[in-house]
Amino acid sequence: MRIMGILNVTPDSFSDGGSYESVEQAVNCALRMVDEGASVIDVGGESTRPGYTAVSMIEEMNRVVPVIREIRKKSDVTISIDTYKYEVAKAAIEAGADMLNSIWGFVKDERLAELAAKTGVQVVLMHNREEPADIDVGRHNSLDKLEITPNESAYMELVKTEIARSLDIAKKYGIKQNRIWIDPGVGFGKTYEQNLTVIRHVDQLVEMGYPVLMAASRKSVIGTALDLPVDQREEGTMAISVYATMKGCAMVRVHDVKKNARAIGMIESIL
């Protein structure tokens, strides 16, 4: 299991905004996460949490490009740019980013697929939609009911179909399959129950034949499940990281690299 460390250089980030406002602080944070076990650093310059404040393309570039450039000078770690904007992605890749992590995959802007094909970067194609699907997946009442229900099955088929739209665009532009990751999109365009469903049955996405990135760190699904504020969701995050490992995911995206690396290391030793 690989670990992607989250490096938000945004003053309004939902969990750590404003903590690493300077380039030096951000780079030091990235290098610390590498020491703690991260093999990918995901740099984001615009928060995408619910109710986020949009920033201009220029402002986003001004936030991420200097940080990416300095990380690349000091480390050969894989650098991911977390953006759905073509101009930001292009500038980030030119500065040294190796991976494009887009919350809309390629469905909002096919130029991202063209850019990825030309530059050879890895891509993370996330499931997202404007509104939650009108499928009531229900709630499980006991731990012995982990089999998939008909409504859950229908929902997972929808998720796979919608992810396939980005995959088809990737194929259209000639992006090699070994450069593609998929992400179930926990926290994006889903109800609480639907978020739990894509986590519970993430192995169905693993079966699509692409490495799966689980990105649920400190998200609202954890807060709702445990009735906890964002700064107290680390144990919930670690539980999902362990579960994702058991279900065959290839990478997790987390804020606290050290704790998640230890939890994953333990479950991998058991398995």
# chains A, B, ... in the order shown; residues from 1 in each chain; ligands from 1
>>> select_by_dssp(residues="region 33-91 of chain A", states="helix (DSSP H, G or I)", output="PyMOL selection string")
chain A and resi 33-36+57-74+86-91
>>> closest_atom_pairs(of="region 70-168 of chain A", to="region 180-196 of chain A", cutoff="7 Å", atoms="only C-alpha atoms", output="tab-separated table")
residue	atom	partner	partner_atom	distance
A:Gln122	CA	A:Ile180	CA	5.9
A:Val123	CA	A:Ile180	CA	5.1
A:Val124	CA	A:Trp181	CA	4.6
A:Leu125	CA	A:Ile182	CA	4.8
A:Met126	CA	A:Asp183	CA	4.4
A:His127	CA	A:Gly185	CA	4.8
A:Asn128	CA	A:Phe188	CA	5.5
A:Arg129	CA	A:Gly189	CA	4.9
A:Glu130	CA	A:Gly189	CA	5.8
A:Glu131	CA	A:Gly189	CA	5.1
A:Pro132	CA	A:Lys190	CA	4.5
A:Val137	CA	A:Gln194	CA	6.4
A:Gly138	CA	A:Glu193	CA	6.6
A:Arg139	CA	A:Glu193	CA	6.7
>>> closest_residue(among="A:Lys85, A:Lys74, A:His255, A:Arg233", to="Asp42 (chain A)", atoms="only C-alpha atoms")
A:His255
>>> closest_residue(among="A:Val27, A:Ala38, A:Ile199, A:Leu205", to="Ala239 (chain A)", atoms="only C-alpha atoms")
A:Ile199
>>> residues_around(residues="Ile169 (chain A)", least_positions_apart="4", cutoff="8 Å", atoms="only C-alpha atoms", output="MDAnalysis selection string")
chainID A and resid 106:107 110 113 165 173
>>> residues_around(residues="Arg111 (chain A)", least_positions_apart="6", cutoff="12 Å", atoms="only C-alpha atoms", output="list in words")
Tyr84, Lys85, Tyr86, Glu87, Val88, Ala89, Lys90, Gly105, Ala117, Lys118, Ile169, Ala170, Lys172 and Tyr173 of chain A
>>> write_last_selection(atoms="N, CA and C atoms", output="compact mmCIF listing (two decimals), in the first residue's frame")
# COMPACT_ATOMS: atom_id res chain seq x y z
N TYR A 84 -8.44 20.69 -11.07
CA TYR A 84 -9.26 20.34 -12.22
C TYR A 84 -9.12 21.39 -13.32
N LYS A 85 -8.18 22.33 -13.13
CA LYS A 85 -7.98 23.43 -14.07
C LYS A 85 -6.79 23.14 -14.98
N TYR A 86 -7.02 23.22 -16.28
CA TYR A 86 -5.98 22.90 -17.25
C TYR A 86 -4.74 23.76 -17.06
N GLU A 87 -4.91 25.07 -16.92
CA GLU A 87 -3.77 25.97 -16.83
C GLU A 87 -2.92 25.69 -15.60
N VAL A 88 -3.58 25.39 -14.48
CA VAL A 88 -2.86 25.07 -13.25
C VAL A 88 -2.12 23.75 -13.41
N ALA A 89 -2.78 22.76 -13.99
CA ALA A 89 -2.15 21.46 -14.20
C ALA A 89 -0.91 21.59 -15.08
N LYS A 90 -1.03 22.35 -16.15
CA LYS A 90 0.09 22.53 -17.08
C LYS A 90 1.28 23.19 -16.37
N GLY A 105 -12.09 14.02 -12.88
CA GLY A 105 -11.55 13.15 -13.91
C GLY A 105 -11.29 13.97 -15.17
N ALA A 117 -1.56 12.89 -21.70
CA ALA A 117 -1.01 12.03 -22.75
C ALA A 117 0.31 12.58 -23.28
N LYS A 118 0.38 13.89 -23.44
CA LYS A 118 1.59 14.51 -23.99
C LYS A 118 2.76 14.47 -23.01
N ILE A 169 -12.28 8.55 -22.13
CA ILE A 169 -11.58 9.75 -22.61
C ILE A 169 -10.07 9.51 -22.56
N ALA A 170 -9.61 8.87 -21.49
CA ALA A 170 -8.18 8.56 -21.38
C ALA A 170 -7.72 7.68 -22.53
N LYS A 172 -9.13 7.46 -25.45
CA LYS A 172 -9.24 8.26 -26.67
C LYS A 172 -7.97 9.05 -26.94
N TYR A 173 -7.33 9.53 -25.87
CA TYR A 173 -6.12 10.33 -26.03
C TYR A 173 -4.84 9.50 -25.91
>>> closest_residue(among="A:Val23, A:Leu167, A:Val202, A:Val121", to="Ser153 (chain A)", atoms="only C-alpha atoms")
A:Val202
>>> closest_residue(among="A:Thr161, A:Thr149, A:Ser217, A:Thr10", to="Ala26 (chain A)", atoms="only C-alpha atoms")
A:Thr10
>>> select_by_dssp(residues="region 80-261 of chain A", states="strand (DSSP E or B)", output="list in words")
Ser80, Ile81, Asp82, Met99, Leu100, Asn101, Ser102, Gln122, Val123, Val124, Leu125, Met126, Ile180, Trp181, Ile182, Asp183, Val212, Leu213, Met214, Met251, Val252, Arg253 and Val254 of chain A
>>> residues_around(residues="Ala92 (chain A)", least_positions_apart="5", cutoff="8 Å", atoms="only C-alpha atoms", output="PDB file with C-alpha atoms, in the first residue's frame")
ATOM      1  CA  MET A  61      -0.855  28.727  -9.668  1.00  0.00           C
ATOM      2  CA  VAL A  64       1.237  25.612  -5.878  1.00  0.00           C
ATOM      3  CA  VAL A  65       3.964  26.214  -8.462  1.00  0.00           C
ATOM      4  CA  ILE A  68       6.210  22.076  -6.329  1.00  0.00           C
ATOM      5  CA  ILE A  81      -1.111  18.312  -8.423  1.00  0.00           C
ATOM      6  CA  ALA A  97       4.643  17.433 -10.857  1.00  0.00           C
TER       7      ALA A  97
END
>>> closest_residue(among="A:Lys176, A:Leu213, A:Val9, A:Gly96", to="Glu70 (chain A)", atoms="only C-alpha atoms")
A:Gly96
>>> atom_distance(atom1="CA of Asn178 (chain A)", atom2="CA of Ala250 (chain A)")
12.8 Å
>>> closest_residue(among="A:Asp231, A:Glu207, A:Glu59, A:Ser166", to="Lys108 (chain A)", atoms="only C-alpha atoms")
A:Ser166
>>> residues_around(residues="region 221-224 of chain A", least_positions_apart="3", cutoff="6 Å", atoms="only C-alpha atoms", output="list in words")
Tyr192, Asp227, Leu228, Pro229 and Gly236 of chain A
